[in-house]
Amino acid sequence: MSKASEIAPPAGPGTHTDGDPLGEVLHLLQLTGTFYCVPELSAPWGIRVPDLNGQLVLIAMTEGNCRVEFENGDELTLSAGQLVLLPRGHAVDLSDAPGNTLTPLFDIPATRHNARFETMVHGGGGALTRMTCGVLNVDHAAADRLVSLLPNAIFLDSFDPAAGAWVQSTLKFLAEEARDPKPGGETILTRLTDILVVQAIRAWLETASDQETGWLAALRDPKVGRALQAFHQSPQVGWSVGGLANAAGMSRSAFAARFKALTGEQVMQYATRWRMQLAGAELRQGRRSIAEIAAQAGYESEAAFSRVFKKTTGRTPGSLRRA
């Protein structure tokens, strides 16, 4: 049997339980930019953005207006200082007015400045619209779990006092960089775009604070959240139910019951699935051997790890490595 399910770590200075469990999940987002684009669009214009395979898509308006039409027929109009995040990258149509001809995104010529950054000029020569767009992936089990809970679109208005004055300042900075690029401007644009993605998710989390059950509710729970934070910080440690209950400051039975009521999972079932999600990400990256990943997940042998991985995910570690 693996040490991952048997050893209860000691409580005390070595167990990090202070802080904000939900904030820690945001810290683990580990955004990886696929590409960033700064389009300059002149009326009339229309763009058909295809489904981007579950990647996060951010559209931050810095000048003019943009109609966003979703697959279900819903519409949203963005003005300068507003943005929308599409957590699953569903297809959308963008235009400056209803009825415009829609050109497929990848049919529009663009100027590639480096492997991940491009600019685009498109449209009929009329009123200008500028925006900064980012297509990003997340690279952590915590981030994947969080993104799966987000709605199909998150709207953020920088002029809303709840958004914070710095969001408006960030968008103004984006606008200045897009209009008058300077050395290093691509780096600034991409980093600011990443920050805006996190801010959009934070804004949504504040509106989702009334959930009574589920993973977010568990993270917000004063005691269960402490245990989850300790586990997420060191998932390779040989946590037991008793060890996590100790981190939460609860009895073993009370913690197990509260955890199941909030998350719908048994404590060690959650721990095992989480470890296998982390291991799956490592396997896809291909930087470490299966034996190294097994040890990192807290398993004494590659065989024991492989059995649990297959039972949890339905795939062998080797097949995921080859995918």
# chains A, B, ... in the order shown; residues from 1 in each chain; ligands from 1
$ select_by_dssp --residues "segment 34-256 of chain A" --states "helix (DSSP H, G or I)" --output "VMD selection string"
chain A and resid 105 to 107 141 to 149 161 to 163 165 to 179 185 to 207 215 to 220 224 to 233 241 to 248 252 to 256
$ residues_around --residues "segment 84-90 of chain A" --least-positions-apart "5" --cutoff "8 Å" --atoms "only C-alpha atoms" --output "MDAnalysis selection string"
chainID A and resid 50:60 71 147 150:156 197 200
$ closest_residue --among "A:Tyr299, A:Trp274, A:Trp204, A:Phe70" --to "Leu228 of chain A" --atoms "only C-alpha atoms"
A:Trp274
$ atom_distance --atom1 "atom CA of Lys172 of chain A" --atom2 "atom CA of Ser42 of chain A"
19.9 Å
$ select_by_dssp --residues "segment 7-177 of chain A" --states "strand (DSSP E)" --output "PyMOL selection string"
chain A and resi 31-42+46-49+56-63+65-70+75-79+82-86+92-95+103-104+110-114+117-123+128-138+154-157
$ residues_around --residues "Thr32 of chain A" --least-positions-apart "5" --cutoff "7 Å" --atoms "only C-alpha atoms" --output "VMD selection string"
chain A and resid 136 to 138
$ atom_distance --atom1 "atom CA of Tyr270 of chain A" --atom2 "atom CA of Ile201 of chain A"
23.6 Å
$ closest_atom_pairs --of "segment 180-234 of chain A" --to "segment 112-126 of chain A" --cutoff "10 Å" --atoms "only C-alpha atoms" --output "JSON lines"
{"residue": "A:Glu186", "atom": "CA", "partner": "A:Phe117", "partner_atom": "CA", "distance": 6.7}
{"residue": "A:Thr187", "atom": "CA", "partner": "A:Phe117", "partner_atom": "CA", "distance": 9.0}
{"residue": "A:Leu189", "atom": "CA", "partner": "A:Phe117", "partner_atom": "CA", "distance": 9.2}
{"residue": "A:Thr190", "atom": "CA", "partner": "A:Phe117", "partner_atom": "CA", "distance": 8.2}
$ atom_distance --atom1 "atom CA of Trp239 of chain A" --atom2 "atom CA of Ala303 of chain A"
20.2 Å
$ closest_residue --among "A:Leu171, A:Gly243, A:Ala261, A:Gln236" --to "Glu212 of chain A" --atoms "only C-alpha atoms"
A:Ala261
$ residues_around --residues "segment 218-227 of chain A" --least-positions-apart "4" --cutoff "6 Å" --atoms "only C-alpha atoms" --output "PyMOL selection string"
chain A and resi 17+21-22+244+247-248+262
$ residues_around --residues "Ala295 of chain A" --least-positions-apart "5" --cutoff "12 Å" --atoms "only C-alpha atoms" --output "list in words"
Ser2, Lys3, Ala4, Pro235, Gln236, Val237, Gly238, Arg275, Ala279, Arg288, Ser289, Ile290, Glu300, Ser301, Glu302, Ala303, Ala304, Phe305 and Ser306 of chain A
$ closest_residue --among "A:Ala208, A:Ser240, A:Val38, A:Ser251" --to "Ala175 of chain A" --atoms "only C-alpha atoms"
A:Val38
$ closest_residue --among "A:Ala43, A:Ala143, A:Leu174, A:Gln229" --to "Ala127 of chain A" --atoms "only C-alpha atoms"
A:Ala43
